[in-house]
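Structure below is my_file_5.cif: mmCIF, C-alpha atoms and all ligand atoms.
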```cif
data_work
#
loop_
_atom_site.label_atom_id
_atom_site.label_comp_id
_atom_site.auth_asym_id
_atom_site.auth_seq_id
_atom_site.Cartn_x
_atom_site.Cartn_y
_atom_site.Cartn_z
CA MET A 1 -7.90 21.78 14.62
CA ALA A 2 -6.13 22.50 11.32
CA ASP A 3 -4.00 19.71 9.97
CA PRO A 4 -0.38 20.88 10.33
CA ARG A 5 0.86 18.74 7.49
CA PRO A 6 2.08 20.27 4.22
CA ALA A 7 -0.43 20.37 1.37
CA PRO A 8 -0.36 17.19 -0.69
CA THR A 9 1.94 17.26 -3.66
CA ARG A 10 1.78 14.67 -6.38
CA PRO A 11 5.03 14.31 -8.28
CA ALA A 12 4.42 14.16 -12.02
CA SER A 13 7.46 12.06 -12.78
CA THR A 14 10.71 10.80 -11.36
CA ILE A 15 12.63 12.22 -14.30
CA PRO A 16 14.83 14.88 -12.68
CA ALA A 17 14.12 18.46 -13.61
CA THR A 18 16.98 20.87 -14.23
CA PRO A 19 18.12 22.36 -10.89
CA SER A 20 17.12 25.91 -11.81
CA ALA A 21 13.61 24.84 -12.87
CA ALA A 22 12.99 22.48 -9.96
CA PRO A 23 10.30 23.60 -7.52
CA ARG A 24 11.16 23.22 -3.86
CA SER A 25 10.14 19.69 -2.99
CA PRO A 26 8.23 19.03 0.21
CA GLU A 27 9.96 17.06 2.96
CA PRO A 28 9.76 13.33 2.35
CA VAL A 29 7.49 11.46 4.74
CA VAL A 30 9.07 8.10 3.93
CA GLN A 31 12.79 7.79 3.32
CA LEU A 32 14.76 4.61 2.65
CA ARG A 33 18.47 4.76 1.99
CA GLU A 34 20.45 1.80 0.67
CA ALA A 35 17.86 -0.45 2.31
CA SER A 36 18.26 -4.23 2.07
CA VAL A 37 16.33 -7.12 3.58
CA GLY A 38 17.21 -10.78 3.70
CA PHE A 39 16.37 -13.90 5.66
CA ASN A 40 18.63 -16.83 6.42
CA GLY A 41 21.42 -15.51 4.25
CA ARG A 42 19.20 -14.88 1.19
CA MET A 43 18.63 -11.26 0.21
CA LEU A 44 15.06 -10.42 -0.76
CA TRP A 45 15.92 -6.98 -2.13
CA GLU A 46 18.93 -4.71 -1.81
CA GLY A 47 20.08 -1.13 -2.13
CA LEU A 48 16.63 0.43 -2.16
CA ASP A 49 16.67 4.23 -2.23
CA LEU A 50 13.23 5.77 -2.06
CA GLU A 51 11.60 8.95 -0.85
CA LEU A 52 7.84 9.48 -0.74
CA VAL A 53 6.33 12.92 -0.32
CA PRO A 54 2.96 13.72 1.27
CA GLY A 55 0.09 12.85 -1.02
CA GLU A 56 2.10 10.51 -3.21
CA PHE A 57 0.53 7.20 -4.32
CA LEU A 58 3.03 4.39 -4.79
CA ALA A 59 1.95 1.03 -6.23
CA VAL A 60 4.15 -1.90 -5.22
CA LEU A 61 4.15 -4.81 -7.65
CA GLY A 62 6.01 -8.05 -8.20
CA PRO A 63 5.57 -11.82 -8.30
CA ASN A 64 4.80 -14.01 -5.26
CA GLY A 65 7.59 -13.98 -2.73
CA ALA A 66 9.35 -10.92 -4.22
CA GLY A 67 9.20 -9.06 -0.91
CA LYS A 68 6.23 -6.71 -1.27
CA SER A 69 4.63 -7.48 2.11
CA THR A 70 8.09 -7.46 3.67
CA PHE A 71 8.53 -3.93 2.34
CA LEU A 72 5.37 -2.93 4.25
CA LYS A 73 6.61 -4.73 7.38
CA VAL A 74 9.83 -2.71 7.19
CA LEU A 75 7.76 0.49 7.15
CA LEU A 76 5.70 -0.83 10.07
CA GLY A 77 8.84 -1.51 12.09
CA LEU A 78 8.01 -5.23 12.19
CA THR A 79 10.93 -6.38 10.04
CA ARG A 80 14.43 -5.02 10.49
CA LEU A 81 16.57 -4.02 7.58
CA SER A 82 19.70 -6.08 7.00
CA ALA A 83 21.42 -2.86 5.85
CA GLY A 84 20.59 0.78 5.25
CA SER A 85 18.03 2.98 6.96
CA VAL A 86 14.32 3.73 6.94
CA GLU A 87 12.62 6.79 8.37
CA ILE A 88 9.04 8.02 8.65
CA SER A 89 8.73 11.79 9.01
CA GLY A 90 12.44 12.06 9.75
CA GLU A 91 12.46 9.50 12.56
CA PRO A 92 13.49 5.85 12.56
CA VAL A 93 10.47 3.61 12.09
CA ARG A 94 8.93 2.09 15.18
CA ARG A 95 6.18 -0.40 15.81
CA GLY A 96 2.75 0.96 16.56
CA SER A 97 3.44 4.49 15.31
CA SER A 98 0.26 6.55 15.06
CA ARG A 99 1.73 8.20 11.95
CA VAL A 100 1.18 4.96 10.04
CA GLY A 101 -2.12 3.35 9.05
CA TYR A 102 -2.20 -0.22 7.80
CA ILE A 103 -4.73 -2.23 5.86
CA PRO A 104 -3.43 -5.79 6.19
CA GLN A 105 -3.85 -8.60 3.71
CA GLN A 106 -7.20 -10.23 4.18
CA GLN A 107 -7.40 -12.85 6.92
CA THR A 108 -10.69 -14.24 8.09
CA MET A 109 -11.47 -13.45 11.71
CA PRO A 110 -12.67 -16.30 13.93
CA GLU A 111 -16.46 -16.46 14.40
CA GLU A 112 -16.13 -15.99 18.15
CA THR A 113 -14.15 -12.70 17.87
CA PRO A 114 -15.70 -10.57 20.64
CA LEU A 115 -16.00 -7.34 18.63
CA ARG A 116 -18.77 -5.61 16.78
CA ALA A 117 -18.01 -3.92 13.47
CA ARG A 118 -18.12 -0.48 15.10
CA ASP A 119 -15.73 -1.59 17.88
CA MET A 120 -13.20 -2.64 15.29
CA VAL A 121 -13.31 0.77 13.60
CA ALA A 122 -13.15 2.55 16.98
CA LEU A 123 -9.87 0.75 17.72
CA GLY A 124 -8.34 2.95 15.02
CA LEU A 125 -9.41 6.06 16.91
CA ASP A 126 -9.14 5.21 20.58
CA GLY A 127 -6.36 7.03 22.41
CA HIS A 128 -4.67 7.82 19.15
CA ARG A 129 -2.83 10.85 17.79
CA PHE A 130 -5.14 13.23 19.64
CA GLY A 131 -3.27 12.27 22.80
CA MET A 132 -6.50 11.63 24.65
CA ARG A 133 -9.63 9.62 24.18
CA LEU A 134 -12.38 11.22 22.14
CA HIS A 135 -15.59 12.16 23.90
CA PRO A 136 -17.93 9.14 23.50
CA ARG A 137 -20.42 11.15 21.42
CA ARG A 138 -17.71 12.40 19.04
CA LEU A 139 -16.19 8.94 18.87
CA ARG A 140 -19.54 7.44 17.91
CA ARG A 141 -20.13 10.12 15.26
CA ARG A 142 -16.68 9.61 13.73
CA VAL A 143 -17.12 5.83 13.74
CA ASP A 144 -20.50 6.21 12.04
CA GLU A 145 -18.92 8.43 9.36
CA LEU A 146 -16.20 5.89 8.72
CA LEU A 147 -18.67 2.98 8.61
CA HIS A 148 -20.76 4.95 6.14
CA ALA A 149 -17.70 5.78 4.01
CA VAL A 150 -16.86 2.09 3.50
CA GLY A 151 -20.51 1.06 3.07
CA ALA A 152 -20.64 -0.84 6.36
CA SER A 153 -23.42 1.03 8.20
CA ALA A 154 -25.88 -1.83 7.70
CA TYR A 155 -23.79 -4.20 9.78
CA ALA A 156 -22.34 -1.73 12.29
CA ASP A 157 -23.55 -3.73 15.29
CA MET A 158 -22.86 -7.21 13.94
CA PRO A 159 -20.10 -9.36 15.47
CA VAL A 160 -17.15 -9.12 13.06
CA GLY A 161 -16.63 -12.90 13.01
CA LEU A 162 -20.02 -13.36 11.34
CA LEU A 163 -19.23 -11.00 8.47
CA SER A 164 -17.97 -12.03 5.04
CA GLY A 165 -14.31 -11.60 4.05
CA GLY A 166 -15.12 -8.54 1.95
CA GLU A 167 -17.20 -6.97 4.73
CA GLN A 168 -14.34 -7.49 7.20
CA GLN A 169 -11.92 -5.97 4.70
CA ARG A 170 -14.02 -2.81 4.47
CA LEU A 171 -13.84 -2.50 8.26
CA ARG A 172 -10.05 -2.83 8.18
CA THR A 173 -9.99 0.02 5.67
CA ALA A 174 -12.15 2.21 7.92
CA GLN A 175 -9.94 1.37 10.91
CA ALA A 176 -6.75 2.31 9.03
CA LEU A 177 -8.21 5.62 7.86
CA ALA A 178 -9.60 6.50 11.29
CA SER A 179 -6.48 8.16 12.62
CA ASN A 180 -5.81 10.17 9.44
CA PRO A 181 -2.31 8.66 9.13
CA GLU A 182 0.64 10.38 7.45
CA VAL A 183 1.51 7.12 5.72
CA LEU A 184 -1.14 4.64 4.67
CA LEU A 185 0.11 1.12 3.96
CA CYS A 186 -2.24 -1.12 2.02
CA ASP A 187 -1.56 -4.83 1.47
CA GLU A 188 -3.83 -5.93 -1.37
CA PRO A 189 -6.79 -4.07 0.11
CA LEU A 190 -9.08 -4.80 -2.85
CA HIS A 191 -8.68 -8.56 -2.60
CA SER A 192 -12.07 -10.26 -2.18
CA LEU A 193 -14.04 -7.04 -2.70
CA ASP A 194 -16.70 -6.92 -5.39
CA LEU A 195 -16.29 -4.32 -8.13
CA HIS A 196 -18.52 -1.74 -6.46
CA HIS A 197 -16.64 -1.92 -3.16
CA GLN A 198 -13.27 -2.03 -4.94
CA GLN A 199 -14.17 1.33 -6.44
CA ALA A 200 -15.46 2.70 -3.13
CA VAL A 201 -12.35 1.65 -1.19
CA THR A 202 -10.03 2.88 -3.97
CA GLU A 203 -11.77 6.24 -3.90
CA LEU A 204 -11.38 6.48 -0.11
CA ILE A 205 -7.68 5.72 -0.33
CA ARG A 206 -7.23 8.18 -3.19
CA ARG A 207 -9.00 10.91 -1.20
CA GLN A 208 -6.82 10.16 1.80
CA ALA A 209 -3.80 10.91 -0.42
CA VAL A 210 -5.13 13.87 -2.37
CA ASP A 211 -7.27 15.65 0.23
CA ARG A 212 -5.44 14.77 3.43
CA GLY A 213 -1.88 14.38 2.19
CA SER A 214 -1.19 10.81 3.27
CA ALA A 215 1.56 9.04 1.36
CA VAL A 216 -0.02 5.80 0.15
CA VAL A 217 1.92 2.57 -0.36
CA PHE A 218 -0.37 0.16 -2.17
CA VAL A 219 0.75 -3.45 -2.62
CA THR A 220 -1.18 -5.12 -5.40
CA HIS A 221 -1.02 -7.84 -8.02
CA GLU A 222 -3.37 -5.85 -10.22
CA ILE A 223 -2.46 -2.26 -11.09
CA ASN A 224 -5.49 -1.58 -13.30
CA PRO A 225 -8.05 -0.75 -10.57
CA VAL A 226 -5.76 2.03 -9.27
CA ILE A 227 -3.73 2.89 -12.36
CA GLU A 228 -5.18 6.38 -12.77
CA HIS A 229 -4.21 7.31 -9.19
CA VAL A 230 -0.68 5.90 -9.21
CA ASP A 231 2.17 8.41 -9.16
CA ARG A 232 4.97 5.88 -9.14
CA VAL A 233 5.45 2.13 -9.35
CA LEU A 234 7.96 0.13 -7.30
CA TYR A 235 8.43 -3.25 -8.96
CA PHE A 236 10.31 -6.02 -7.15
CA ALA A 237 11.55 -9.22 -8.83
CA ARG A 238 14.54 -11.52 -8.44
CA GLY A 239 16.09 -9.46 -5.66
CA GLN A 240 16.06 -6.29 -7.73
CA TYR A 241 13.68 -3.41 -8.17
CA ARG A 242 12.70 -0.70 -10.59
CA ILE A 243 10.99 2.54 -9.64
CA GLY A 244 9.43 5.27 -11.75
CA THR A 245 6.15 6.39 -13.22
CA THR A 246 3.81 3.74 -14.60
CA GLU A 247 4.95 4.65 -18.12
CA GLU A 248 8.60 4.30 -17.13
CA VAL A 249 8.34 0.95 -15.33
CA MET A 250 5.48 -0.92 -17.00
CA ARG A 251 7.31 -1.48 -20.28
CA SER A 252 8.28 -4.72 -21.98
CA GLU A 253 12.01 -3.94 -21.99
CA VAL A 254 12.10 -2.81 -18.34
CA LEU A 255 10.20 -5.83 -16.99
CA SER A 256 12.03 -8.28 -19.28
CA GLU A 257 15.30 -7.03 -17.83
CA LEU A 258 13.94 -7.27 -14.29
CA TYR A 259 12.55 -10.80 -14.71
CA GLY A 260 15.52 -11.95 -16.78
CA SER A 261 13.14 -13.38 -19.38
CA SER A 262 10.91 -12.10 -22.12
CA VAL A 263 7.90 -10.19 -20.80
CA ASP A 264 5.32 -8.36 -22.88
CA VAL A 265 3.45 -5.36 -21.53
CA ILE A 266 0.42 -4.67 -23.67
CA GLU A 267 -2.10 -1.89 -23.34
CA HIS A 268 -5.60 -3.05 -24.12
CA LYS A 269 -8.61 -0.75 -23.80
CA GLY A 270 -6.82 1.37 -21.21
CA ARG A 271 -5.71 -1.67 -19.18
CA LEU A 272 -2.17 -2.93 -18.85
CA VAL A 273 -1.69 -6.63 -19.47
CA VAL A 274 1.64 -8.16 -18.49
CA MET A 275 2.47 -11.53 -20.01
CA SER A 276 5.47 -13.79 -19.95
CA ALA A 277 6.29 -15.17 -23.39
CA HIS A 278 7.68 -18.68 -22.91
CA ASP A 279 9.80 -20.14 -25.66
CA GLU A 280 7.92 -23.44 -26.05
CA GLY A 281 5.21 -22.56 -28.53
CA CYS A 282 5.08 -19.06 -27.07
CA HIS A 283 2.48 -19.83 -24.41
CA TYR A 284 1.38 -16.84 -22.44
CA HIS A 285 1.08 -17.15 -18.71
CA PRO A 286 0.01 -13.84 -17.30
CA GLU A 287 -0.87 -15.43 -13.96
CA GLU A 288 2.75 -16.52 -13.49
CA LEU A 289 3.66 -12.89 -13.10
CA SER A 290 0.76 -12.50 -10.73
CA LEU A 291 -0.61 -9.78 -12.90
CA PRO A 292 -3.72 -9.53 -15.06
N1 LIG B 1 10.46 -13.53 9.01
C1 LIG B 1 10.80 -14.22 7.92
N2 LIG B 1 11.72 -15.20 8.02
C2 LIG B 1 12.10 -15.92 6.91
N3 LIG B 1 11.59 -15.70 5.68
C3 LIG B 1 10.68 -14.75 5.54
C4 LIG B 1 10.23 -13.95 6.65
N4 LIG B 1 9.31 -13.05 6.20
C5 LIG B 1 9.20 -13.28 4.87
N5 LIG B 1 10.00 -14.28 4.48
C6 LIG B 1 10.15 -14.78 3.11
O1 LIG B 1 10.41 -13.70 2.26
C7 LIG B 1 9.81 -13.92 0.98
C8 LIG B 1 8.99 -12.71 0.59
O2 LIG B 1 7.79 -12.67 1.36
P1 LIG B 1 6.71 -11.53 1.14
O3 LIG B 1 5.52 -11.93 1.96
O4 LIG B 1 7.31 -10.21 1.39
O5 LIG B 1 6.39 -11.70 -0.41
P2 LIG B 1 5.29 -10.97 -1.30
O6 LIG B 1 6.00 -10.30 -2.43
O7 LIG B 1 4.42 -10.11 -0.47
O8 LIG B 1 4.50 -12.25 -1.84
P3 LIG B 1 2.94 -12.52 -2.19
O9 LIG B 1 2.70 -11.85 -3.51
O10 LIG B 1 2.90 -14.00 -2.32
O11 LIG B 1 2.09 -11.99 -1.06
C9 LIG B 1 9.00 -15.21 1.10
O12 LIG B 1 9.76 -16.24 0.51
C10 LIG B 1 8.86 -15.40 2.58
O13 LIG B 1 8.80 -16.76 2.93
#
```

The structure in this file should be written as structure tokens.
Ligand SMILES: Nc1ncnc2c1ncn2[C@@H]1O[C@H](COP(=O)(O)OP(=O)(O)OP(=O)(O)O)[C@@H](O)[C@H]1O
Amino acid sequence: MADPRPAPTRPASTIPATPSAAPRSPEPVVQLREASVGFNGRMLWEGLDLELVPGEFLAVLGPNGAGKSTFLKVLLGLTRLSAGSVEISGEPVRRGSSRVGYIPQQQTMPEETPLRARDMVALGLDGHRFGMRLHPRRLRRRVDELLHAVGASAYADMPVGLLSGGEQQRLRTAQALASNPEVLLCDEPLHSLDLHHQQAVTELIRRQAVDRGSAVVFVTHEINPVIEHVDRVLYFARGQYRIGTTEEVMRSEVLSELYGSSVDVIEHKGRLVVMSAHDEGCHYHPEELSLP
């Protein structure tokens, strides 16, 4: 069946075009208006206005505790906004929506987990958006394709609890892609993957955006592995945020203002290095910003 979604459109920049020159934008698939989240009287971030169109790749960055995973939980309907609104495809978010795929942060599964690798991937397909269960033969074929795509065919019948952290993470990726979601939420999906599998998983996520029109929200401490695919960056720090293209946000003056202290953004051999310049002897502590 043909996919009814609009063709993917990748916005070149957030700089507004003149009204007469502006092409008709596709309907946003994610829409937050004046969105704020806080816990126990402390606001994590406030006044977030954001629209994502099909096919857009958003990288979400910021130091530990800035609210990146919470942002994903808002889109998953697991955390309620303190103020404002959030919609997916024009409807209020709700838990368990088949429109949303999720690659969670890596957690190790207990050894005794009673699932094989292929069962875990099949969970992403079973009784999903098709409104009915797939025929067992089609289900098996689709699961095999997904296992192959993440390089997991060799351990398809292994119990998941006996697999390494990186092997389990590849299965979570396959599971999230299985339903061809309209919005794909990724919480540090490359963590614990070796370079080869980082590239393979990045390529799968990129293709999901470009070929199938999913809006991708990619939480990461390290923008470099995905930098060429990123359309926009959402950077949280100190309860505030900045949003724009990589060139607009990843600048010394923008991040210094956001952090409230001197930050250097340096381009080195095509990689972005973000460093905090401390006054005492000008020590550089890139890890304090949780960035390369
Ligand atoms: N349900 C909750 N109740 C109270 N505090 C919470 C809740 N959920 C998250 N927090 C707090 O909100 C802050 C932001 O958490 P979050 O996991 O979103 O940060 P993050 O930017 O993803 O951090 P990291 O880079 O360390 O993964 C943390 O201080 C966390 O303890």

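Going from CA of Val274 in chain A over to CA of Glu222 in chain A, you cover 9.9 Å.
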
Checklist line | Between CA of Ala209 in chain A and atom C5 of ligand LIG 1 (chain B), distance in Å (one decimal) | finding: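 Taking CA of Ala209 in chain A and atom C5 of ligand LIG 1 (chain B), their separation equals 28.0 Å.
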
Next item on the list: For CA of Met43 in chain A and CA of Ser98 in chain A, quote the distance in Å rounded to one decimal.
Entry: 29.6 Å

Check: Within 9 Å of ligand LIG 1 (chain B), counting all atoms listed in the file: which residues, as a ChimeraX atom specification?
Finding: /A:37-40,42-44,61-73,79,105,187-188,219-221,236-237,290

Next item on the list: Up to 10 Å from (4.6, 8.3, 6.4) in the file's coordinates: name the residues, counting all atoms listed in the file, as a ChimeraX atom specification.
Entry: /A:28-31,52-55,75-76,87-90,93,97-101,181-185,213-217

Residues from the last selection, C-alpha atoms, saved as a compact mmCIF listing (two decimals), keeping the file's coordinate frame:
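The new file result_6.txt reads:
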```
# COMPACT_ATOMS: atom_id res chain seq x y z
CA PRO A 28 9.76 13.33 2.35
CA VAL A 29 7.49 11.46 4.74
CA VAL A 30 9.07 8.10 3.93
CA GLN A 31 12.79 7.79 3.32
CA LEU A 52 7.84 9.48 -0.74
CA VAL A 53 6.33 12.92 -0.32
CA PRO A 54 2.96 13.72 1.27
CA GLY A 55 0.09 12.85 -1.02
CA LEU A 75 7.76 0.49 7.15
CA LEU A 76 5.70 -0.83 10.07
CA GLU A 87 12.62 6.79 8.37
CA ILE A 88 9.04 8.02 8.65
CA SER A 89 8.73 11.79 9.01
CA GLY A 90 12.44 12.06 9.75
CA VAL A 93 10.47 3.61 12.09
CA SER A 97 3.44 4.49 15.31
CA SER A 98 0.26 6.55 15.06
CA ARG A 99 1.73 8.20 11.95
CA VAL A 100 1.18 4.96 10.04
CA GLY A 101 -2.12 3.35 9.05
CA PRO A 181 -2.31 8.66 9.13
CA GLU A 182 0.64 10.38 7.45
CA VAL A 183 1.51 7.12 5.72
CA LEU A 184 -1.14 4.64 4.67
CA LEU A 185 0.11 1.12 3.96
CA GLY A 213 -1.88 14.38 2.19
CA SER A 214 -1.19 10.81 3.27
CA ALA A 215 1.56 9.04 1.36
CA VAL A 216 -0.02 5.80 0.15
CA VAL A 217 1.92 2.57 -0.36
```

Please list as a short mmCIF file (atom, residue, chain, number, x, y, z; two decimals) with C-alpha atoms, in the frame of the given file every residue within 9 Å of Ser85 in chain A, counting all atoms listed in the file and excluding residues in the same chain fewer than 6 positions away.
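Contents of out.cif, freshly written:
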```cif
data_model
loop_
_atom_site.label_atom_id
_atom_site.label_comp_id
_atom_site.auth_asym_id
_atom_site.auth_seq_id
_atom_site.Cartn_x
_atom_site.Cartn_y
_atom_site.Cartn_z
CA GLN A 31 12.79 7.79 3.32
CA LEU A 32 14.76 4.61 2.65
CA ARG A 33 18.47 4.76 1.99
CA GLU A 34 20.45 1.80 0.67
CA ALA A 35 17.86 -0.45 2.31
CA SER A 36 18.26 -4.23 2.07
CA PRO A 92 13.49 5.85 12.56
#
```

Notebook entry, point to check: Given the choices A:Gln169, A:Ser252, A:Gln240, A:Gln175, which gets closest to Glu46 in chain A if the distance is worked out from all atoms listed in the file?
Noted result: A:Gln240

Checklist line | Given all atoms listed in the file as the counted atoms, nearest of A:Val74, A:Val60, A:Leu272, A:Ala176 to Glu228 in chain A | finding: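 Selected residue with least distance to Glu228 in chain A: A:Leu272.
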
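Among the candidates A:His191, A:Glu145, A:Ser82, A:Pro136, the residue lying nearest to Leu48 in chain A is A:Ser82 (atoms considered: only C-alpha atoms).
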
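Nearest residue to Pro159 in chain A, choosing from A:Ser256, A:Gln107, A:Thr246, A:Thr113 and counting all atoms listed in the file: A:Thr113.
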
Once N, CA and C atoms are restored for range 168-195 of chain A, what would the output be as a PDB file, keeping the file's coordinate frame?
```pdb
ATOM      1  N   GLN A 168     -15.419  -7.707   6.213  1.00  0.00           N
ATOM      2  CA  GLN A 168     -14.340  -7.490   7.200  1.00  0.00           C
ATOM      3  C   GLN A 168     -13.258  -6.578   6.618  1.00  0.00           C
ATOM      4  N   GLN A 169     -12.971  -6.769   5.323  1.00  0.00           N
ATOM      5  CA  GLN A 169     -11.920  -5.970   4.700  1.00  0.00           C
ATOM      6  C   GLN A 169     -12.283  -4.489   4.667  1.00  0.00           C
ATOM      7  N   ARG A 170     -13.576  -4.208   4.473  1.00  0.00           N
ATOM      8  CA  ARG A 170     -14.020  -2.810   4.470  1.00  0.00           C
ATOM      9  C   ARG A 170     -13.837  -2.195   5.854  1.00  0.00           C
ATOM     10  N   LEU A 171     -14.042  -3.012   6.885  1.00  0.00           N
ATOM     11  CA  LEU A 171     -13.840  -2.500   8.260  1.00  0.00           C
ATOM     12  C   LEU A 171     -12.362  -2.218   8.524  1.00  0.00           C
ATOM     13  N   ARG A 172     -11.487  -3.079   7.998  1.00  0.00           N
ATOM     14  CA  ARG A 172     -10.050  -2.830   8.180  1.00  0.00           C
ATOM     15  C   ARG A 172      -9.657  -1.516   7.511  1.00  0.00           C
ATOM     16  N   THR A 173     -10.281  -1.236   6.370  1.00  0.00           N
ATOM     17  CA  THR A 173      -9.990   0.020   5.670  1.00  0.00           C
ATOM     18  C   THR A 173     -10.431   1.204   6.534  1.00  0.00           C
ATOM     19  N   ALA A 174     -11.647   1.117   7.073  1.00  0.00           N
ATOM     20  CA  ALA A 174     -12.150   2.210   7.920  1.00  0.00           C
ATOM     21  C   ALA A 174     -11.254   2.393   9.141  1.00  0.00           C
ATOM     22  N   GLN A 175     -10.810   1.293   9.723  1.00  0.00           N
ATOM     23  CA  GLN A 175      -9.940   1.370  10.910  1.00  0.00           C
ATOM     24  C   GLN A 175      -8.623   2.059  10.573  1.00  0.00           C
ATOM     25  N   ALA A 176      -8.051   1.722   9.403  1.00  0.00           N
ATOM     26  CA  ALA A 176      -6.750   2.310   9.030  1.00  0.00           C
ATOM     27  C   ALA A 176      -6.878   3.797   8.736  1.00  0.00           C
ATOM     28  N   LEU A 177      -8.024   4.205   8.194  1.00  0.00           N
ATOM     29  CA  LEU A 177      -8.210   5.620   7.860  1.00  0.00           C
ATOM     30  C   LEU A 177      -8.571   6.461   9.079  1.00  0.00           C
ATOM     31  N   ALA A 178      -9.016   5.791  10.142  1.00  0.00           N
ATOM     32  CA  ALA A 178      -9.600   6.500  11.290  1.00  0.00           C
ATOM     33  C   ALA A 178      -8.665   7.552  11.875  1.00  0.00           C
ATOM     34  N   SER A 179      -7.391   7.246  11.934  1.00  0.00           N
ATOM     35  CA  SER A 179      -6.480   8.160  12.620  1.00  0.00           C
ATOM     36  C   SER A 179      -5.870   9.191  11.671  1.00  0.00           C
ATOM     37  N   ASN A 180      -6.339   9.216  10.404  1.00  0.00           N
ATOM     38  CA  ASN A 180      -5.810  10.170   9.440  1.00  0.00           C
ATOM     39  C   ASN A 180      -4.273  10.072   9.386  1.00  0.00           C
ATOM     40  N   PRO A 181      -3.757   8.885   9.029  1.00  0.00           N
ATOM     41  CA  PRO A 181      -2.310   8.660   9.130  1.00  0.00           C
ATOM     42  C   PRO A 181      -1.506   9.430   8.092  1.00  0.00           C
ATOM     43  N   GLU A 182      -0.246   9.707   8.405  1.00  0.00           N
ATOM     44  CA  GLU A 182       0.640  10.380   7.450  1.00  0.00           C
ATOM     45  C   GLU A 182       1.061   9.433   6.333  1.00  0.00           C
ATOM     46  N   VAL A 183       1.147   8.154   6.698  1.00  0.00           N
ATOM     47  CA  VAL A 183       1.510   7.120   5.720  1.00  0.00           C
ATOM     48  C   VAL A 183       0.465   6.029   5.814  1.00  0.00           C
ATOM     49  N   LEU A 184      -0.119   5.687   4.680  1.00  0.00           N
ATOM     50  CA  LEU A 184      -1.140   4.640   4.670  1.00  0.00           C
ATOM     51  C   LEU A 184      -0.593   3.447   3.885  1.00  0.00           C
ATOM     52  N   LEU A 185      -0.434   2.327   4.573  1.00  0.00           N
ATOM     53  CA  LEU A 185       0.110   1.120   3.960  1.00  0.00           C
ATOM     54  C   LEU A 185      -1.026   0.156   3.666  1.00  0.00           C
ATOM     55  N   CYS A 186      -1.106  -0.288   2.438  1.00  0.00           N
ATOM     56  CA  CYS A 186      -2.240  -1.120   2.020  1.00  0.00           C
ATOM     57  C   CYS A 186      -1.697  -2.404   1.401  1.00  0.00           C
ATOM     58  N   ASP A 187      -2.044  -3.546   1.981  1.00  0.00           N
ATOM     59  CA  ASP A 187      -1.560  -4.830   1.470  1.00  0.00           C
ATOM     60  C   ASP A 187      -2.706  -5.536   0.747  1.00  0.00           C
ATOM     61  N   GLU A 188      -2.755  -5.358  -0.543  1.00  0.00           N
ATOM     62  CA  GLU A 188      -3.830  -5.930  -1.370  1.00  0.00           C
ATOM     63  C   GLU A 188      -5.209  -5.650  -0.781  1.00  0.00           C
ATOM     64  N   PRO A 189      -5.543  -4.400  -0.580  1.00  0.00           N
ATOM     65  CA  PRO A 189      -6.790  -4.070   0.110  1.00  0.00           C
ATOM     66  C   PRO A 189      -8.043  -4.373  -0.702  1.00  0.00           C
ATOM     67  N   LEU A 190      -7.890  -4.568  -2.024  1.00  0.00           N
ATOM     68  CA  LEU A 190      -9.080  -4.800  -2.850  1.00  0.00           C
ATOM     69  C   LEU A 190      -9.399  -6.287  -2.990  1.00  0.00           C
ATOM     70  N   HIS A 191      -8.486  -7.111  -2.490  1.00  0.00           N
ATOM     71  CA  HIS A 191      -8.680  -8.560  -2.600  1.00  0.00           C
ATOM     72  C   HIS A 191     -10.002  -8.949  -1.943  1.00  0.00           C
ATOM     73  N   SER A 192     -10.788  -9.717  -2.647  1.00  0.00           N
ATOM     74  CA  SER A 192     -12.070 -10.260  -2.180  1.00  0.00           C
ATOM     75  C   SER A 192     -13.194  -9.221  -2.149  1.00  0.00           C
ATOM     76  N   LEU A 193     -12.944  -8.010  -2.616  1.00  0.00           N
ATOM     77  CA  LEU A 193     -14.040  -7.040  -2.700  1.00  0.00           C
ATOM     78  C   LEU A 193     -14.707  -7.132  -4.072  1.00  0.00           C
ATOM     79  N   ASP A 194     -16.026  -6.961  -4.092  1.00  0.00           N
ATOM     80  CA  ASP A 194     -16.700  -6.920  -5.390  1.00  0.00           C
ATOM     81  C   ASP A 194     -16.362  -5.576  -6.060  1.00  0.00           C
ATOM     82  N   LEU A 195     -16.705  -5.473  -7.335  1.00  0.00           N
ATOM     83  CA  LEU A 195     -16.290  -4.320  -8.130  1.00  0.00           C
ATOM     84  C   LEU A 195     -16.739  -2.994  -7.503  1.00  0.00           C
TER      85      LEU A 195
END
```
